[in-house]
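Trainee: The structure is given below, and queries will be raised subsequently.
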Amino acid sequence: MKNIAIIGASGYTGAQLTALIHAEAELTIQGLYVSENSLDKGKPLADLYPSYSHIALTLSPLSDDAKAKIVAEADAVVLATEHSVSLHLAAWFYSQGLAVFDLSGAYRFSDVAQYPKWYGFEHEYPEVLTKAVYGLAEWNAKEIAATKMIAVPGCYPTASLTALKPLASLLTSAYPVINAVSGVTGAGRKAQLHTSFCEVSLTPYGVLGHRHQPEIATQLGQEVIFTPHLGNFKRGILATITVQLKPGTTTADVAAAYCVYAQAPLVTVKHNQFPKVDDVVLTPNCHLGWKFDENSGYLVVASVIDNLMKGAASQALQCIKIHFNL
Ligand SMILES: NC(=O)C1=CN([C@@H]2O[C@H](COP(=O)(O)OP(=O)(O)OC[C@H]3O[C@@H](n4cnc5c(N)ncnc54)[C@H](OP(=O)(O)O)[C@@H]3O)[C@@H](O)[C@H]2O)C=CC1
Ligand SMILES: CC(=O)N[C@@H](CCC(=O)OP(=O)(O)O)C(=O)O
């Protein structure tokens, strides 16, 4: 039995992970935490999310006493907090000997020079950063098992890398072009004008400057063009990716490349059949569909995930289970 503390539990990913961990026989929840001055401290989680009325747990403020109690009682801490908050909490809990599963981007780049540019802060913990492993569960299981500092990937990178990594040896120097649409929960629970009901309408954003572009490129080992879009639905991501493959590549080569997922229960691959967002919403699954034109050498692959599940909480749960060998 492993005991897990969840920090940022009132947010979309933290609440989702709470529900997932609560349903696991081999995991217990040490506590649910929000910031010290949170408007939600002291509230039952079910007051915020009535669909979780079966979870009788209350949100506690993350005071110094609470942090000491977590260190004394928990085996691991999940940080479902924004990047600049996770940056410090991850380093502190790691230094106390806990396994850390961070859902933010604060430990996803090994190169400290990336953080001021993409996250607006200097990385103050280069030592901890050297221990961090990118928690793309289907690809990095051995590393996730071996370290106590796991950086759970971003939602768009999870959808994109699951589709592209099998093709790595077939890529040319041409940049894969990733067009992705996310539901509004991808922006988190806090009120913001651009995610308010009357403002949301399908549109690109972060064009040629979204922080997930270098995250995808670093993990793929190849530059990409990445354009995210905000869609007027709650959950899910569809990434439609166009990529030119090496001259002479055959349909059979592509099919063989995707066989890498033959033993991966959460990834489904289909040829000439394309997935819908609703096929995976509220599931931990990723569905891929691809079609290849042998004449031009162009492949189109579509990837769908639930941004709060495979894009965040259920992938964090995969990492927890891998790490603790459950
Ligand atoms: N939404 C998504 O689809 C995805 C999100 N992520 C990443 O996961 C993280 C969480 O995202 P999301 O759930 O959407 O965010 P939310 O804004 O929905 O939730 C953030 C949570 O953090 C809490 N919090 C804020 N400051 C502190 C603090 N100092 N100490 C403790 N708790 C704090 C908030 O509560 P309060 O403010 O009341 O204290 C709230 O519970 C982010 O880093 C995000 O980038 C990653 C992949 C996908
Ligand atoms: C729709 C929306 O706003 N999505 C978020 C991505 C959420 C995510 O994956 O989070 P990380 O910040 O942890 O990488 C965005 O584009 O910033």
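By convention here, the chains of the structure tokens are called A, B, ... in the order presented, each chain's residues are numbered starting at 1, and ligands are numbered starting at 1 in the order presented.
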I need the residues of range 53-287 of chain A that end up classed as strand (DSSP E or B) by DSSP on the backbone, written out as number ranges by chain.
Mentor: A: 58-61, 76-79, 99-102, 133-134, 149-151, 171, 177-182, 203-204, 225-230, 237-245, 267-271, 286-287
Trainee: Hey, what's within 6 Å of Lys246 in chain A if we count only C-alpha atoms and toss same-chain stuff fewer than 3 positions away? As a ChimeraX atom specification, please?
Mentor: /A:170-172,249
Trainee: Just checking: using only C-alpha atoms and all ligand atoms, which residue out of A:Ala256, A:Val301, A:Val112, A:Ala66 ends up closest to ligand 1?
Mentor: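 Closest to ligand 1, using only C-alpha atoms and all ligand atoms: A:Ala66.
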Trainee: List all protein, DNA and RNA residues that have an atom no more than 6 Å from any atom of ligand 2, counting only C-alpha atoms and all ligand atoms, and report them as a list in words.
Mentor: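 Using only C-alpha atoms and all ligand atoms, I find these residues within 6 Å of ligand 2: Leu103, Ser104, Gly105, Gly154, Cys155, Tyr156, Ser182, Gly183, Val184, Gly186, Ala187 and Leu230 of chain A.
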Trainee: Name the residues, by chain letter and number, that sit within 7 Å of ligand 1 using only C-alpha atoms and all ligand atoms, and give them as an mmCIF file with N, CA and C atoms, in the first residue's frame.
Mentor:
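Okay, part.cif is ready:
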```
data_model
loop_
_atom_site.group_PDB
_atom_site.id
_atom_site.type_symbol
_atom_site.label_atom_id
_atom_site.label_comp_id
_atom_site.auth_asym_id
_atom_site.auth_seq_id
_atom_site.Cartn_x
_atom_site.Cartn_y
_atom_site.Cartn_z
ATOM 1 N N ILE A 7 -1.456 17.656 -4.058
ATOM 2 C CA ILE A 7 -1.416 19.112 -3.870
ATOM 3 C C ILE A 7 -1.969 19.775 -5.135
ATOM 4 N N GLY A 8 -2.908 20.702 -4.914
ATOM 5 C CA GLY A 8 -3.629 21.288 -6.057
ATOM 6 C C GLY A 8 -4.868 20.454 -6.359
ATOM 7 N N ALA A 9 -5.423 19.838 -5.299
ATOM 8 C CA ALA A 9 -6.505 18.854 -5.489
ATOM 9 C C ALA A 9 -7.837 19.485 -5.874
ATOM 10 N N SER A 10 -7.971 20.800 -5.736
ATOM 11 C CA SER A 10 -9.239 21.431 -6.133
ATOM 12 C C SER A 10 -9.257 21.760 -7.623
ATOM 13 N N GLY A 11 -8.108 21.668 -8.281
ATOM 14 C CA GLY A 11 -8.029 21.990 -9.714
ATOM 15 C C GLY A 11 -8.508 20.817 -10.553
ATOM 16 N N TYR A 12 -8.592 21.017 -11.838
ATOM 17 C CA TYR A 12 -9.147 19.978 -12.709
ATOM 18 C C TYR A 12 -8.321 18.700 -12.698
ATOM 19 N N THR A 13 -6.999 18.825 -12.834
ATOM 20 C CA THR A 13 -6.190 17.606 -12.898
ATOM 21 C C THR A 13 -6.058 16.963 -11.513
ATOM 22 N N GLY A 14 -5.933 17.806 -10.478
ATOM 23 C CA GLY A 14 -5.796 17.286 -9.112
ATOM 24 C C GLY A 14 -7.045 16.538 -8.676
ATOM 25 N N TYR A 33 -4.666 18.884 -0.781
ATOM 26 C CA TYR A 33 -4.169 20.198 -0.365
ATOM 27 C C TYR A 33 -4.409 21.270 -1.430
ATOM 28 N N VAL A 34 -4.620 22.490 -0.910
ATOM 29 C CA VAL A 34 -4.685 23.702 -1.741
ATOM 30 C C VAL A 34 -3.734 24.712 -1.120
ATOM 31 N N SER A 35 -3.628 25.896 -1.688
ATOM 32 C CA SER A 35 -2.671 26.864 -1.153
ATOM 33 C C SER A 35 -3.112 27.323 0.253
ATOM 34 N N GLU A 36 -2.168 27.890 0.989
ATOM 35 C CA GLU A 36 -2.435 28.235 2.385
ATOM 36 C C GLU A 36 -3.614 29.192 2.522
ATOM 37 N N ASN A 37 -3.733 30.108 1.570
ATOM 38 C CA ASN A 37 -4.815 31.107 1.662
ATOM 39 C C ASN A 37 -5.951 30.832 0.679
ATOM 40 N N SER A 38 -6.060 29.621 0.247
ATOM 41 C CA SER A 38 -7.086 29.271 -0.752
ATOM 42 C C SER A 38 -8.498 29.545 -0.233
ATOM 43 N N LEU A 39 -9.359 30.005 -1.124
ATOM 44 C CA LEU A 39 -10.773 30.208 -0.771
ATOM 45 C C LEU A 39 -11.453 28.870 -0.516
ATOM 46 N N ASP A 40 -10.828 27.789 -0.981
ATOM 47 C CA ASP A 40 -11.442 26.464 -0.859
ATOM 48 C C ASP A 40 -10.923 25.658 0.326
ATOM 49 N N LEU A 62 -1.989 24.086 2.554
ATOM 50 C CA LEU A 62 -0.622 23.536 2.565
ATOM 51 C C LEU A 62 0.265 24.420 3.452
ATOM 52 N N ALA A 80 -0.256 18.971 -8.606
ATOM 53 C CA ALA A 80 -1.149 19.396 -9.699
ATOM 54 C C ALA A 80 -1.279 20.910 -9.606
ATOM 55 N N THR A 81 -0.129 21.539 -9.639
ATOM 56 C CA THR A 81 -0.043 22.986 -9.409
ATOM 57 C C THR A 81 0.655 23.652 -10.596
ATOM 58 N N GLU A 82 0.512 24.964 -10.662
ATOM 59 C CA GLU A 82 1.131 25.654 -11.805
ATOM 60 C C GLU A 82 2.659 25.568 -11.728
ATOM 61 N N HIS A 83 3.296 25.810 -12.863
ATOM 62 C CA HIS A 83 4.739 25.576 -13.005
ATOM 63 C C HIS A 83 5.578 26.245 -11.900
ATOM 64 N N VAL A 85 4.790 27.170 -8.981
ATOM 65 C CA VAL A 85 4.541 26.610 -7.645
ATOM 66 C C VAL A 85 5.229 25.244 -7.533
ATOM 67 N N LEU A 103 2.838 17.408 -12.274
ATOM 68 C CA LEU A 103 2.054 17.540 -13.511
ATOM 69 C C LEU A 103 2.387 18.814 -14.280
ATOM 70 N N SER A 104 3.155 19.692 -13.690
ATOM 71 C CA SER A 104 3.480 20.959 -14.367
ATOM 72 C C SER A 104 4.681 20.758 -15.304
ATOM 73 N N GLY A 105 5.083 21.863 -15.939
ATOM 74 C CA GLY A 105 6.222 21.802 -16.845
ATOM 75 C C GLY A 105 7.551 22.138 -16.183
ATOM 76 N N PRO A 153 4.336 14.467 -18.544
ATOM 77 C CA PRO A 153 4.322 15.304 -19.756
ATOM 78 C C PRO A 153 3.085 16.189 -19.885
ATOM 79 N N GLY A 154 3.193 17.209 -20.729
ATOM 80 C CA GLY A 154 2.048 18.055 -21.055
ATOM 81 C C GLY A 154 1.042 17.298 -21.905
ATOM 82 N N CYS A 155 -0.159 17.866 -22.000
ATOM 83 C CA CYS A 155 -1.237 17.147 -22.699
ATOM 84 C C CYS A 155 -0.993 17.092 -24.205
ATOM 85 N N THR A 185 -10.949 22.615 -20.562
ATOM 86 C CA THR A 185 -10.357 22.213 -19.276
ATOM 87 C C THR A 185 -8.829 22.231 -19.333
ATOM 88 N N GLY A 186 -8.274 22.206 -20.543
ATOM 89 C CA GLY A 186 -6.814 22.275 -20.692
ATOM 90 C C GLY A 186 -6.229 23.539 -20.096
ATOM 91 N N ALA A 187 -7.049 24.555 -19.941
ATOM 92 C CA ALA A 187 -6.554 25.830 -19.407
ATOM 93 C C ALA A 187 -6.720 25.929 -17.899
ATOM 94 N N GLY A 188 -7.221 24.860 -17.255
ATOM 95 C CA GLY A 188 -7.358 24.886 -15.797
ATOM 96 C C GLY A 188 -8.684 25.485 -15.345
ATOM 97 N N ARG A 189 -8.919 25.434 -14.014
ATOM 98 C CA ARG A 189 -10.231 25.769 -13.456
ATOM 99 C C ARG A 189 -10.406 27.247 -13.144
ATOM 100 N N LYS A 190 -9.291 27.945 -12.975
ATOM 101 C CA LYS A 190 -9.433 29.354 -12.557
ATOM 102 C C LYS A 190 -10.092 30.190 -13.664
ATOM 103 N N ASN A 307 -7.429 15.227 -22.256
ATOM 104 C CA ASN A 307 -6.325 16.043 -21.715
ATOM 105 C C ASN A 307 -6.182 15.900 -20.203
ATOM 106 N N LEU A 308 -7.303 15.682 -19.498
ATOM 107 C CA LEU A 308 -7.211 15.556 -18.035
ATOM 108 C C LEU A 308 -6.835 14.136 -17.607
ATOM 109 N N GLY A 311 -3.604 12.936 -20.769
ATOM 110 C CA GLY A 311 -2.813 14.167 -20.854
ATOM 111 C C GLY A 311 -2.347 14.689 -19.510
ATOM 112 N N ALA A 312 -2.765 14.080 -18.413
ATOM 113 C CA ALA A 312 -2.370 14.570 -17.086
ATOM 114 C C ALA A 312 -2.561 13.477 -16.025
#
```
Trainee: May I ask which of the residues A:Ala72, A:Ile144, A:Ile178, A:Ile305 is the closest one to Thr240 in chain A, counting only C-alpha atoms?
Mentor: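 Checking each of A:Ala72, A:Ile144, A:Ile178, A:Ile305 against Thr240 in chain A, counting only C-alpha atoms, the winner is A:Ile178.
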Trainee: Please provide the set of residues having any atom within 12 Å of Phe197 in chain A, restricted to only C-alpha atoms, with same-chain residues fewer than 6 positions apart removed, written as a PDB file with N, CA, C and O atoms, in the first residue's frame.
Mentor:
```
ATOM      1  N   VAL A 184     -11.561  23.051 -23.248  1.00  0.00           N
ATOM      2  CA  VAL A 184     -11.246  24.222 -22.421  1.00  0.00           C
ATOM      3  C   VAL A 184     -10.686  23.835 -21.047  1.00  0.00           C
ATOM      4  O   VAL A 184      -9.963  24.627 -20.435  1.00  0.00           O
ATOM      5  N   ALA A 191     -10.846  31.210 -13.231  1.00  0.00           N
ATOM      6  CA  ALA A 191     -11.573  32.043 -14.192  1.00  0.00           C
ATOM      7  C   ALA A 191     -10.602  32.880 -15.022  1.00  0.00           C
ATOM      8  O   ALA A 191      -9.683  33.497 -14.489  1.00  0.00           O
ATOM      9  N   GLY A 231     -10.887  24.655 -28.563  1.00  0.00           N
ATOM     10  CA  GLY A 231     -12.188  24.267 -29.122  1.00  0.00           C
ATOM     11  C   GLY A 231     -13.299  24.482 -28.107  1.00  0.00           C
ATOM     12  O   GLY A 231     -13.030  24.559 -26.900  1.00  0.00           O
ATOM     13  N   ASN A 232     -14.537  24.552 -28.583  1.00  0.00           N
ATOM     14  CA  ASN A 232     -15.632  24.818 -27.635  1.00  0.00           C
ATOM     15  C   ASN A 232     -16.237  23.523 -27.097  1.00  0.00           C
ATOM     16  O   ASN A 232     -17.412  23.257 -27.230  1.00  0.00           O
ATOM     17  N   PHE A 233     -15.375  22.718 -26.498  1.00  0.00           N
ATOM     18  CA  PHE A 233     -15.811  21.522 -25.786  1.00  0.00           C
ATOM     19  C   PHE A 233     -14.980  21.424 -24.511  1.00  0.00           C
ATOM     20  O   PHE A 233     -13.983  22.136 -24.360  1.00  0.00           O
ATOM     21  N   LYS A 234     -15.430  20.573 -23.570  1.00  0.00           N
ATOM     22  CA  LYS A 234     -14.785  20.596 -22.247  1.00  0.00           C
ATOM     23  C   LYS A 234     -13.487  19.790 -22.201  1.00  0.00           C
ATOM     24  O   LYS A 234     -12.459  20.284 -21.743  1.00  0.00           O
TER      25      LYS A 234
END
```
